[in-house]
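Source file: coords04.cif; contents: mmCIF, C-alpha atoms and all ligand atoms.
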```cif
data_my_file
#
loop_
_atom_site.label_atom_id
_atom_site.label_comp_id
_atom_site.auth_asym_id
_atom_site.auth_seq_id
_atom_site.Cartn_x
_atom_site.Cartn_y
_atom_site.Cartn_z
CA MET A 1 -36.96 -18.71 51.63
CA LEU A 2 -35.37 -19.69 48.32
CA ILE A 3 -32.79 -17.25 47.11
CA GLU A 4 -30.47 -18.91 44.64
CA GLY A 5 -32.37 -20.53 41.80
CA THR A 6 -35.55 -22.50 41.80
CA VAL A 7 -35.45 -25.53 44.07
CA LEU A 8 -38.31 -27.96 43.78
CA PRO A 9 -39.34 -29.87 46.90
CA ASP A 10 -37.23 -32.94 47.53
CA SER A 11 -38.28 -36.17 49.14
CA VAL A 12 -37.23 -36.19 52.77
CA GLU A 13 -38.19 -39.85 53.03
CA LEU A 14 -35.92 -40.76 50.15
CA ALA A 15 -32.97 -38.87 51.64
CA GLU A 16 -33.41 -40.39 55.09
CA SER A 17 -34.16 -43.96 53.93
CA ALA A 18 -31.04 -44.02 51.77
CA ALA A 19 -28.94 -43.57 54.91
CA SER A 20 -29.98 -47.00 56.17
CA ARG A 21 -29.21 -48.76 52.89
CA VAL A 22 -25.84 -50.25 51.92
CA ALA A 23 -23.96 -49.80 48.67
CA ALA A 24 -20.76 -50.64 46.81
CA TYR A 25 -18.40 -48.63 44.62
CA VAL A 26 -15.81 -49.87 42.11
CA HIS A 27 -13.08 -47.57 40.83
CA ILE A 28 -11.94 -48.26 37.25
CA PRO A 29 -8.83 -46.09 36.77
CA PHE A 30 -8.29 -46.34 33.02
CA CYS A 31 -8.77 -43.48 30.54
CA ARG A 32 -7.84 -43.02 26.89
CA GLN A 33 -5.83 -39.98 27.84
CA ILE A 34 -5.57 -37.84 30.94
CA CYS A 35 -7.55 -34.59 30.75
CA SER A 36 -5.63 -31.45 31.69
CA TYR A 37 -7.87 -30.61 34.65
CA CYS A 38 -8.15 -34.11 36.14
CA ASP A 39 -6.62 -35.04 39.49
CA PHE A 40 -8.37 -38.39 39.93
CA ALA A 41 -6.36 -41.57 40.49
CA VAL A 42 -6.23 -42.61 36.84
CA VAL A 43 -3.80 -43.92 34.21
CA ALA A 44 -3.80 -43.61 30.43
CA GLY A 45 -4.39 -46.81 28.48
CA THR A 46 -5.57 -50.25 29.53
CA ASP A 47 -2.29 -52.21 29.67
CA LEU A 48 -3.00 -53.21 33.27
CA ALA A 49 -6.68 -54.00 32.75
CA ASP A 50 -6.52 -57.82 33.02
CA ARG A 51 -4.47 -57.71 36.23
CA TYR A 52 -6.72 -54.98 37.59
CA VAL A 53 -9.96 -56.88 37.03
CA ALA A 54 -8.46 -59.97 38.70
CA ALA A 55 -7.26 -57.85 41.64
CA VAL A 56 -10.60 -56.11 42.13
CA CYS A 57 -12.41 -59.46 42.07
CA ALA A 58 -9.95 -60.81 44.66
CA GLU A 59 -10.53 -57.75 46.85
CA ILE A 60 -14.30 -58.20 46.59
CA GLU A 61 -14.08 -61.91 47.43
CA ALA A 62 -12.04 -61.12 50.55
CA ALA A 63 -14.48 -58.46 51.81
CA GLU A 64 -16.88 -59.00 54.70
CA PRO A 65 -20.52 -59.06 53.53
CA PHE A 66 -23.09 -56.70 55.06
CA PRO A 67 -25.98 -58.22 57.01
CA GLY A 68 -28.30 -56.86 54.29
CA ARG A 69 -28.14 -56.84 50.51
CA LEU A 70 -26.89 -53.94 48.40
CA SER A 71 -29.29 -51.22 47.26
CA ALA A 72 -26.80 -49.63 44.88
CA VAL A 73 -23.62 -50.45 42.98
CA ALA A 74 -21.69 -47.69 41.22
CA PHE A 75 -18.78 -48.07 38.81
CA GLY A 76 -16.82 -44.85 38.46
CA GLY A 77 -13.37 -43.76 37.54
CA GLY A 78 -11.58 -43.12 35.41
CA THR A 79 -13.67 -44.56 32.67
CA PRO A 80 -15.40 -47.87 33.46
CA THR A 81 -16.18 -48.39 29.78
CA ALA A 82 -12.44 -48.45 29.04
CA LEU A 83 -12.96 -52.09 30.08
CA GLY A 84 -15.02 -54.44 27.95
CA TRP A 85 -18.52 -55.40 29.05
CA ARG A 86 -17.39 -58.93 29.88
CA GLU A 87 -14.84 -57.60 32.38
CA LEU A 88 -17.42 -55.29 33.92
CA GLU A 89 -19.89 -58.17 34.08
CA ARG A 90 -17.27 -60.28 35.84
CA VAL A 91 -16.76 -57.62 38.53
CA LEU A 92 -20.51 -57.12 38.90
CA GLY A 93 -20.93 -60.88 39.27
CA ALA A 94 -18.27 -60.99 41.99
CA ILE A 95 -20.10 -58.24 43.91
CA GLU A 96 -23.45 -59.99 43.63
CA ALA A 97 -21.95 -63.30 44.76
CA ARG A 98 -20.34 -61.67 47.80
CA PHE A 99 -22.95 -59.15 48.90
CA GLY A 100 -26.25 -59.97 47.17
CA PHE A 101 -28.52 -57.42 45.53
CA GLU A 102 -31.89 -56.02 46.52
CA ALA A 103 -34.51 -56.71 43.84
CA ASP A 104 -34.53 -53.05 42.77
CA VAL A 105 -30.77 -52.54 43.12
CA GLU A 106 -29.42 -49.50 41.29
CA MET A 107 -26.55 -50.62 39.02
CA SER A 108 -24.83 -47.61 37.56
CA LEU A 109 -21.70 -46.85 35.56
CA GLU A 110 -19.95 -43.83 34.18
CA ALA A 111 -19.01 -43.71 30.49
CA ASN A 112 -17.48 -41.34 28.01
CA PRO A 113 -19.50 -40.55 24.86
CA GLU A 114 -16.90 -42.07 22.52
CA ASP A 115 -17.41 -45.48 24.18
CA VAL A 116 -21.16 -45.53 23.56
CA THR A 117 -22.17 -47.76 20.64
CA PRO A 118 -25.53 -49.48 20.09
CA ALA A 119 -24.04 -52.94 20.54
CA GLY A 120 -21.88 -51.80 23.46
CA VAL A 121 -24.73 -50.37 25.52
CA ARG A 122 -26.94 -53.40 24.81
CA ASN A 123 -24.18 -55.60 26.20
CA LEU A 124 -23.80 -53.39 29.26
CA ARG A 125 -27.55 -53.53 29.85
CA ALA A 126 -27.51 -57.31 29.45
CA ALA A 127 -24.62 -57.45 31.94
CA GLY A 128 -26.95 -55.80 34.49
CA PHE A 129 -26.31 -52.06 34.36
CA ARG A 130 -29.55 -50.09 34.44
CA ARG A 131 -28.20 -46.57 34.74
CA ILE A 132 -25.48 -44.78 32.79
CA SER A 133 -23.85 -41.43 33.46
CA LEU A 134 -22.21 -39.84 30.43
CA GLY A 135 -19.23 -37.52 30.79
CA VAL A 136 -20.39 -35.05 28.13
CA GLN A 137 -19.01 -31.93 29.92
CA SER A 138 -20.25 -29.52 27.18
CA PHE A 139 -22.24 -29.43 23.96
CA ASP A 140 -19.94 -26.68 22.64
CA ASP A 141 -17.03 -27.98 20.53
CA ALA A 142 -14.82 -25.02 21.43
CA VAL A 143 -15.30 -25.74 25.14
CA LEU A 144 -14.65 -29.46 24.61
CA THR A 145 -11.41 -28.59 22.84
CA ALA A 146 -10.41 -26.23 25.64
CA LEU A 147 -11.03 -29.04 28.14
CA GLY A 148 -8.93 -31.42 26.04
CA ARG A 149 -11.83 -33.82 25.55
CA THR A 150 -11.69 -36.22 22.61
CA HIS A 151 -15.41 -36.27 21.70
CA SER A 152 -17.47 -33.70 19.79
CA ALA A 153 -20.83 -32.20 20.67
CA ASP A 154 -22.46 -34.20 17.87
CA LEU A 155 -20.98 -37.44 19.16
CA ALA A 156 -22.23 -36.60 22.64
CA ARG A 157 -25.77 -36.08 21.32
CA GLN A 158 -25.63 -39.42 19.52
CA ALA A 159 -24.33 -41.11 22.66
CA VAL A 160 -27.20 -39.76 24.77
CA ALA A 161 -29.76 -40.88 22.16
CA THR A 162 -28.21 -44.33 21.96
CA ALA A 163 -28.10 -44.72 25.73
CA ARG A 164 -31.68 -43.51 26.20
CA GLY A 165 -33.00 -46.35 24.12
CA VAL A 166 -31.38 -48.94 26.36
CA PHE A 167 -31.00 -47.84 30.00
CA ASP A 168 -33.71 -47.16 32.57
CA SER A 169 -31.99 -43.95 33.60
CA VAL A 170 -29.54 -41.74 31.69
CA SER A 171 -27.52 -38.94 33.21
CA VAL A 172 -25.27 -36.29 31.70
CA ASP A 173 -22.35 -34.59 33.45
CA LEU A 174 -21.56 -31.01 32.42
CA ILE A 175 -18.68 -28.78 33.55
CA PHE A 176 -19.10 -25.02 33.85
CA GLY A 177 -16.52 -22.26 34.07
CA THR A 178 -14.10 -23.36 31.37
CA PRO A 179 -12.10 -20.25 30.40
CA GLY A 180 -13.56 -18.91 27.15
CA GLU A 181 -17.04 -20.30 27.86
CA THR A 182 -19.77 -17.65 27.91
CA LEU A 183 -23.04 -17.68 29.81
CA GLU A 184 -24.85 -18.18 26.48
CA SER A 185 -22.67 -21.15 25.59
CA TRP A 186 -23.46 -22.65 28.99
CA ARG A 187 -27.17 -21.94 28.55
CA SER A 188 -27.02 -23.76 25.23
CA SER A 189 -25.22 -26.79 26.70
CA VAL A 190 -27.70 -27.18 29.56
CA SER A 191 -30.67 -26.66 27.21
CA ILE A 192 -29.40 -29.27 24.76
CA ALA A 193 -28.82 -31.73 27.58
CA LEU A 194 -32.38 -31.24 28.82
CA GLU A 195 -33.83 -31.45 25.30
CA THR A 196 -32.27 -34.88 24.83
CA GLY A 197 -34.73 -36.16 27.44
CA ILE A 198 -32.21 -37.26 30.06
CA ASP A 199 -33.37 -38.31 33.52
CA HIS A 200 -30.56 -36.81 35.56
CA LEU A 201 -28.14 -33.90 35.20
CA SER A 202 -24.94 -33.24 37.16
CA THR A 203 -23.24 -29.86 36.82
CA TYR A 204 -19.76 -29.30 38.23
CA SER A 205 -17.59 -26.22 38.28
CA LEU A 206 -14.15 -26.47 36.70
CA THR A 207 -11.60 -26.24 39.47
CA VAL A 208 -7.86 -25.84 39.17
CA GLU A 209 -6.39 -28.75 41.12
CA ARG A 210 -2.78 -28.68 42.23
CA GLY A 211 -0.40 -30.82 40.22
CA THR A 212 -2.55 -30.93 37.07
CA PRO A 213 -1.45 -29.62 33.67
CA LEU A 214 -4.20 -27.01 34.03
CA SER A 215 -2.70 -25.66 37.25
CA ARG A 216 0.71 -25.42 35.60
CA ALA A 217 -0.83 -23.59 32.65
CA VAL A 218 -2.60 -21.15 34.96
CA ALA A 219 0.64 -20.59 36.88
CA ALA A 220 2.27 -19.77 33.53
CA GLY A 221 -0.37 -17.15 32.77
CA ALA A 222 -3.28 -19.02 31.15
CA PRO A 223 -6.72 -17.75 32.16
CA GLU A 224 -8.37 -19.41 35.12
CA PRO A 225 -12.07 -19.99 35.77
CA ASP A 226 -14.03 -16.84 36.66
CA SER A 227 -15.78 -17.52 39.97
CA ASP A 228 -18.45 -14.84 39.41
CA LEU A 229 -19.35 -16.34 36.05
CA GLN A 230 -19.40 -19.80 37.62
CA ALA A 231 -21.90 -18.59 40.23
CA ASP A 232 -24.14 -17.25 37.45
CA GLU A 233 -23.76 -20.51 35.55
CA TRP A 234 -24.72 -22.58 38.59
CA LEU A 235 -27.84 -20.45 39.05
CA LEU A 236 -28.76 -20.67 35.39
CA ALA A 237 -28.40 -24.46 35.31
CA THR A 238 -30.54 -24.77 38.43
CA GLU A 239 -33.28 -22.63 36.88
CA LEU A 240 -33.22 -24.39 33.51
CA ALA A 241 -33.28 -27.83 35.12
CA ALA A 242 -36.23 -26.84 37.31
CA GLU A 243 -38.10 -25.47 34.29
CA GLY A 244 -37.38 -28.82 32.63
CA GLY A 245 -39.06 -30.70 35.49
CA MET A 246 -35.99 -31.81 37.41
CA ILE A 247 -35.57 -31.68 41.18
CA ARG A 248 -32.28 -30.24 42.42
CA TYR A 249 -31.80 -32.80 45.15
CA GLU A 250 -28.16 -31.90 45.85
CA THR A 251 -25.91 -28.91 45.18
CA SER A 252 -24.74 -30.26 41.81
CA ASN A 253 -27.37 -32.85 40.97
CA HIS A 254 -30.80 -32.63 39.38
CA ALA A 255 -33.19 -35.50 38.66
CA ARG A 256 -36.59 -36.21 37.29
CA PRO A 257 -38.83 -37.75 39.98
CA GLY A 258 -37.70 -41.30 40.59
CA HIS A 259 -34.19 -40.80 39.19
CA ALA A 260 -32.21 -39.45 42.16
CA VAL A 261 -29.06 -41.54 42.54
CA VAL A 262 -29.41 -43.96 45.44
CA TYR A 263 -25.64 -44.47 45.70
CA ASN A 264 -25.12 -40.73 46.15
CA LEU A 265 -27.88 -40.50 48.73
CA VAL A 266 -26.29 -43.33 50.72
CA THR A 267 -22.97 -41.45 50.85
CA TRP A 268 -24.55 -38.07 51.74
CA GLY A 269 -26.77 -39.77 54.32
CA GLN A 270 -23.68 -41.14 56.14
CA GLY A 271 -24.75 -44.61 55.06
CA GLU A 272 -22.39 -47.57 54.74
CA TYR A 273 -20.66 -48.53 51.52
CA VAL A 274 -17.76 -50.72 50.52
CA ALA A 275 -15.36 -49.63 47.79
CA PHE A 276 -12.88 -51.52 45.65
CA GLY A 277 -9.92 -50.53 43.49
CA ASN A 278 -7.07 -48.07 43.80
CA ALA A 279 -7.88 -44.91 45.74
CA ALA A 280 -11.34 -46.25 46.59
CA HIS A 281 -12.84 -44.80 49.81
CA GLN A 282 -15.36 -46.70 51.93
CA HIS A 283 -17.41 -46.21 55.08
CA ARG A 284 -18.51 -49.06 57.30
CA ASP A 285 -18.84 -49.75 61.01
CA GLY A 286 -18.17 -46.08 61.70
CA VAL A 287 -14.74 -46.19 60.02
CA ARG A 288 -13.75 -44.33 56.88
CA SER A 289 -10.87 -46.03 55.04
CA TRP A 290 -9.16 -45.71 51.70
CA ASN A 291 -6.96 -47.76 49.41
CA VAL A 292 -3.53 -46.99 48.02
CA ARG A 293 -3.80 -44.42 45.27
CA ARG A 294 -1.43 -45.71 42.62
CA VAL A 295 -2.64 -48.52 40.36
CA ASP A 296 0.73 -50.35 40.34
CA ARG A 297 0.95 -50.33 44.15
CA TYR A 298 -2.66 -51.50 44.40
CA LEU A 299 -1.89 -54.43 42.10
CA GLU A 300 1.30 -55.34 44.00
CA ARG A 301 -0.51 -55.36 47.34
CA ILE A 302 -3.45 -57.45 46.15
CA GLU A 303 -1.27 -59.87 44.18
CA ARG A 304 0.87 -60.45 47.29
CA GLY A 305 -2.32 -61.37 49.13
CA GLU A 306 -2.27 -58.18 51.23
CA GLY A 307 -5.08 -55.72 51.73
CA ALA A 308 -4.96 -52.50 49.72
CA GLU A 309 -5.95 -50.17 52.57
CA SER A 310 -3.56 -47.26 53.06
CA GLY A 311 -5.37 -45.25 55.71
CA ARG A 312 -8.36 -45.18 58.04
CA GLU A 313 -10.13 -42.78 60.33
CA GLN A 314 -12.57 -43.48 63.15
CA LEU A 315 -14.60 -40.43 64.04
CA ASP A 316 -15.63 -39.88 67.63
CA ARG A 317 -19.32 -39.22 68.35
CA TRP A 318 -19.08 -35.47 68.01
CA GLU A 319 -17.00 -35.62 64.82
CA SER A 320 -19.50 -38.07 63.37
CA GLU A 321 -22.39 -35.77 64.33
CA VAL A 322 -20.71 -32.79 62.62
CA GLU A 323 -20.06 -34.92 59.56
CA ARG A 324 -23.71 -36.03 59.50
CA VAL A 325 -24.84 -32.41 59.30
CA MET A 326 -22.17 -31.37 56.78
CA LEU A 327 -22.98 -34.24 54.41
CA GLY A 328 -26.72 -33.92 54.90
CA LEU A 329 -26.68 -30.20 54.11
CA ARG A 330 -25.55 -31.04 50.57
CA ARG A 331 -29.06 -32.40 49.94
CA ALA A 332 -31.90 -30.06 49.12
CA ALA A 333 -33.91 -32.06 51.66
CA GLY A 334 -31.46 -30.94 54.33
CA VAL A 335 -30.79 -32.87 57.51
CA ILE A 336 -32.39 -33.47 60.89
CA LEU A 337 -31.07 -30.74 63.20
CA GLY A 338 -29.61 -32.92 65.97
CA SER A 339 -27.10 -31.59 68.44
CA ALA A 340 -24.66 -30.21 65.83
CA GLY A 341 -27.43 -28.44 63.93
CA GLU A 342 -28.84 -26.90 67.08
CA ARG A 343 -25.41 -25.76 68.28
CA LEU A 344 -24.73 -24.32 64.83
CA LEU A 345 -27.86 -22.19 64.96
CA ALA A 346 -26.98 -21.07 68.47
CA SER A 347 -23.49 -19.99 67.39
CA GLU A 348 -22.72 -16.47 66.20
CA ARG A 349 -21.75 -17.57 62.67
CA GLY A 350 -24.63 -20.03 62.35
CA GLY A 351 -27.13 -17.44 63.61
CA ALA A 352 -25.80 -14.93 61.08
CA ALA A 353 -26.15 -17.51 58.29
CA LEU A 354 -29.77 -18.11 59.35
CA GLU A 355 -30.43 -14.37 59.49
CA ALA A 356 -28.93 -13.90 56.02
CA GLY A 357 -31.09 -16.69 54.58
CA ILE A 358 -28.08 -18.91 53.82
CA LEU A 359 -29.48 -21.49 56.23
CA GLY A 360 -33.15 -22.33 56.63
CA VAL A 361 -35.14 -24.35 59.19
CA ALA A 362 -38.33 -26.29 58.47
CA GLY A 363 -39.69 -28.24 61.44
CA ASP A 364 -36.84 -30.38 62.75
CA ARG A 365 -34.79 -30.02 59.56
CA LEU A 366 -31.94 -27.72 58.66
CA MET A 367 -31.14 -26.87 55.05
CA ILE A 368 -28.93 -24.61 52.99
CA ASN A 369 -30.89 -22.19 50.83
CA ARG A 370 -27.78 -20.79 49.17
CA PRO A 371 -25.52 -23.75 48.38
CA LEU A 372 -22.86 -21.54 46.82
CA LEU A 373 -22.18 -20.23 50.32
CA GLY A 374 -22.06 -23.72 51.82
CA ASP A 375 -18.33 -23.47 52.56
CA GLU A 376 -19.00 -20.77 55.13
CA VAL A 377 -21.52 -23.05 56.85
CA SER A 378 -18.99 -25.90 56.83
CA ARG A 379 -16.39 -23.66 58.43
CA ALA A 380 -18.89 -22.59 61.08
CA LEU A 381 -19.70 -26.24 61.82
CA LEU A 382 -16.06 -27.23 62.11
CA ALA A 383 -15.44 -24.30 64.47
CA LEU A 384 -18.05 -25.51 66.98
CA ALA A 385 -16.69 -26.69 70.31
CA PRO A 386 -17.20 -30.46 70.76
CA ALA A 387 -20.24 -31.44 72.81
CA ASP A 388 -21.89 -34.57 74.16
CA CYS A 389 -24.34 -36.00 71.65
S1 LIG A 401 -11.98 -38.89 31.28
FE1 LIG A 401 -12.60 -38.19 33.33
S2 LIG A 401 -11.46 -39.48 34.78
FE2 LIG A 401 -10.47 -39.70 32.75
S3 LIG A 401 -8.82 -38.20 32.75
FE3 LIG A 401 -10.60 -37.18 31.82
S4 LIG A 401 -11.64 -36.17 33.55
FE4 LIG A 401 -10.20 -37.66 34.44
#
```

Please lay out the structure from this file as structure tokens.
Ligand code: SF4
Amino acid sequence: MLIEGTVLPDSVELAESAASRVAAYVHIPFCRQICSYCDFAVVAGTDLADRYVAAVCAEIEAAEPFPGRLSAVAFGGGTPTALGWRELERVLGAIEARFGFEADVEMSLEANPEDVTPAGVRNLRAAGFRRISLGVQSFDDAVLTALGRTHSADLARQAVATARGVFDSVSVDLIFGTPGETLESWRSSVSIALETGIDHLSTYSLTVERGTPLSRAVAAGAPEPDSDLQADEWLLATELAAEGGMIRYETSNHARPGHAVVYNLVTWGQGEYVAFGNAAHQHRDGVRSWNVRRVDRYLERIERGEGAESGREQLDRWESEVERVMLGLRRAAGVILGSAGERLLASERGGAALEAGILGVAGDRLMINRPLLGDEVSRALLALAPADC
């Protein structure tokens, strides 16, 4: 039963096979300026860029290779294109030398529209990147201004057109729920994004994160995002994307067939990935670990020849099983039931979620039919008593 929006069938094989692949992530923390809503581990300007590239390469060279080659490499941030293509190529080269790439490896980077030039994207493509994800956020200038973004809707359209001529796969990120945005403005942004012929669309709700300028403004009386409107906007985007031929393969992500992001599927499939840079999180050998958050501390640690790890967590078998179901439920393809899924359905809260159509079962798979209510399912999972598995 599909209740919230139109969800096209996803590829179960793709979701499950991604879990056995390995991937790498590189965090590039530099941005032109810090957006009012952002709580990522970023810094304004590129003063530290040379030291950072050298440190990331050193971290990569010190890492233990996987037995197999990488299926996906993702550069995120921050703004990877705050660095020049030669620096990005150098980091990519260090990863290939250390880990090796599968023949069809997905090499992806995030970029802001103002960094997209014809020569720039040709250089990035020549450096090896085949997929680009553009942080457009809106095609409404008033919304872009409210978000504090430095590009215009026209520039964003040009950036998408320029990127489409060069990369194998082009994605656009949009944010919904900016105070002042209307449902019609959101409809227009999603429609324009789809009309540009992109291959992938990510839609995220604006959230007020503690410690950001936005949260201080809201505390001082500025309007905050309207959660009811955000729910309507999520539904609308899902419907428009489906009408445009995209598969909603995860709560916030839609793709044309063949353009689902392998890196994302590895992470949601509890697969293994290494990660480099400040605040980078990785998962390998059953351990989740993360690096120091601040760029200056990251540089100091690496330049002293120390590791940058600041914390780690080893899940026991039950915790890992619960995590497998929680992550897997983000995908439209759902997750194999397993012991946590079966215990969830047998619990009072899980049974009620099934009865209400929030959860669905197809064969041996469990899925969420109403992703906007996914938090309730997560709470029900975390409340389960540990069991042998
Ligand atoms: S461009 Fe993106 S990563 Fe950089 S400050 Fe703005 S929201 Fe954060």

Using only C-alpha atoms, determine which residues lie at most 9 Å from A:Leu240, disregarding the query and same-chain residues fewer than 5 positions distant; provide the list as a compact mmCIF listing (two decimals) with C-alpha atoms, keeping the file's coordinate frame.
```txt
# COMPACT_ATOMS: atom_id res chain seq x y z
CA THR A 6 -35.55 -22.50 41.80
CA ARG A 187 -27.17 -21.94 28.55
CA VAL A 190 -27.70 -27.18 29.56
CA SER A 191 -30.67 -26.66 27.21
CA LEU A 194 -32.38 -31.24 28.82
CA LEU A 235 -27.84 -20.45 39.05
CA GLY A 245 -39.06 -30.70 35.49
CA MET A 246 -35.99 -31.81 37.41
```

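Contacts with ligand LIG 401 (chain A) are defined as any residue atom within 9 Å of a ligand atom, using only C-alpha atoms and all ligand atoms; the residues meeting this criterion are Pro29, Phe30, Cys31, Arg32, Gln33, Ile34, Cys35, Ser36, Tyr37, Cys38, Asp39, Phe40, Ala41, Val42, Val43, Ala44, Gly76, Gly77, Gly78, Thr79, Ala111, Asn112, Gly135, Leu147, Gly148 and Arg149 of chain A.
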
Note to self: Residues within 10 Å of (-37.7, -37.8, 24.2), file coordinates, counting all atoms listed in the file: what are they? Give the list as a ChimeraX atom specification.
What the structure shows: /A:161,164-165,194-198

Margin query: Taking 3 positions as the minimum chain separation for residues in the same chain, which residues sit within 6 Å of A:Asn291 when counting only C-alpha atoms? Answer as an NGL selection string.
Written below: :A and (278-280 or 308-310)

Using all atoms of stretch 143-150 of chain A that appear in the file, construct an axis-aligned enclosing box with 4 Å of padding on every side and provide its centre coordinates and edge lengths in Å, rounded to one decimal, as JSON.
```
{"center_x": -12.1, "center_y": -31.0, "center_z": 25.4, "size_x": 14.4, "size_y": 18.5, "size_z": 13.5}
```

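Using all atoms listed in the file, the residues found no farther than 7 Å from stretch 87-100 of chain A, other than those of its own chain fewer than 2 positions away, are Val53, Cys57, Ile60, Glu61, Pro65, Phe66, Arg69, Leu70, Leu83, Gly84, Trp85, Glu102 and Ala127 of chain A.
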
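The protein and nucleic acid residues lying at most 9 Å from stretch 346-359 of chain A are Met1, Leu2, Ile3, Gly341, Glu342, Arg343, Leu366, Met367, Ile368, Asn369, Arg370, Pro371, Leu373, Gly374, Glu376, Val377, Ala380, Leu381 and Leu384 of chain A, with all atoms listed in the file considered and sequence neighbours fewer than 3 positions away removed.
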
Determine, for each residue of stretch 111-226 of chain A having at least one atom at most 12 Å from an atom of stretch 261-267 of chain A, the closest pair of atoms and their separation in Å to one decimal, counting all atoms listed in the file; order by chain and ascending number, as CSV.
```
residue,atom,partner,partner_atom,distance
A:Arg130,CA,A:Val261,CA,11.8
A:Arg131,CA,A:Val261,CA,9.3
A:Ile132,CA,A:Val261,CA,10.9
A:Ser133,CA,A:Val261,CA,10.5
A:Ser169,CA,A:Val261,CA,9.7
A:Val170,CA,A:Val261,CA,10.9
A:Ser171,CA,A:Val261,CA,9.8
A:Asp199,CA,A:Val261,CA,10.5
A:His200,CA,A:Val261,CA,8.6
A:Leu201,CA,A:Val261,CA,10.6
A:Ser202,CA,A:Val261,CA,10.7
```

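When atom CA of A:Leu174 is paired with atom CA of A:Ser138, their separation reads 5.6 Å.
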
Next item on the list: Could you jot down the atom CA of A:Tyr52 to atom CA of A:Leu299 separation for me, Å, one decimal place?
Entry: 6.6 Å

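Of the listed residues A:Gly311, A:Pro386, A:Gly360, A:Gly277, the one whose atoms come nearest to A:Arg297 is A:Gly277, with distances taken using all atoms listed in the file.
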
Name all residues at most 7 Å from A:Phe276 (count only C-alpha atoms; drop same-chain ones fewer than 6 positions away) and give them as a compact mmCIF listing (two decimals) with C-alpha atoms, in the coordinates of the input.
```
# COMPACT_ATOMS: atom_id res chain seq x y z
CA TYR A 25 -18.40 -48.63 44.62
CA VAL A 26 -15.81 -49.87 42.11
CA HIS A 27 -13.08 -47.57 40.83
CA VAL A 56 -10.60 -56.11 42.13
CA GLU A 59 -10.53 -57.75 46.85
CA ILE A 60 -14.30 -58.20 46.59
```

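Reported to one decimal place, the separation of atom CA of A:Gln270 from atom CA of A:Glu321 is 9.9 Å.
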
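Across A:Asp173, A:Val121, A:Pro113, A:Asn253, the tightest approach to A:Ala156 is made by A:Pro113 when counting all atoms listed in the file.
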
Check: With distances taken over all atoms listed in the file, which of A:Arg256, A:Val322, A:Glu313, A:Ala82 is nearest to A:Ala383?
Finding: A:Val322
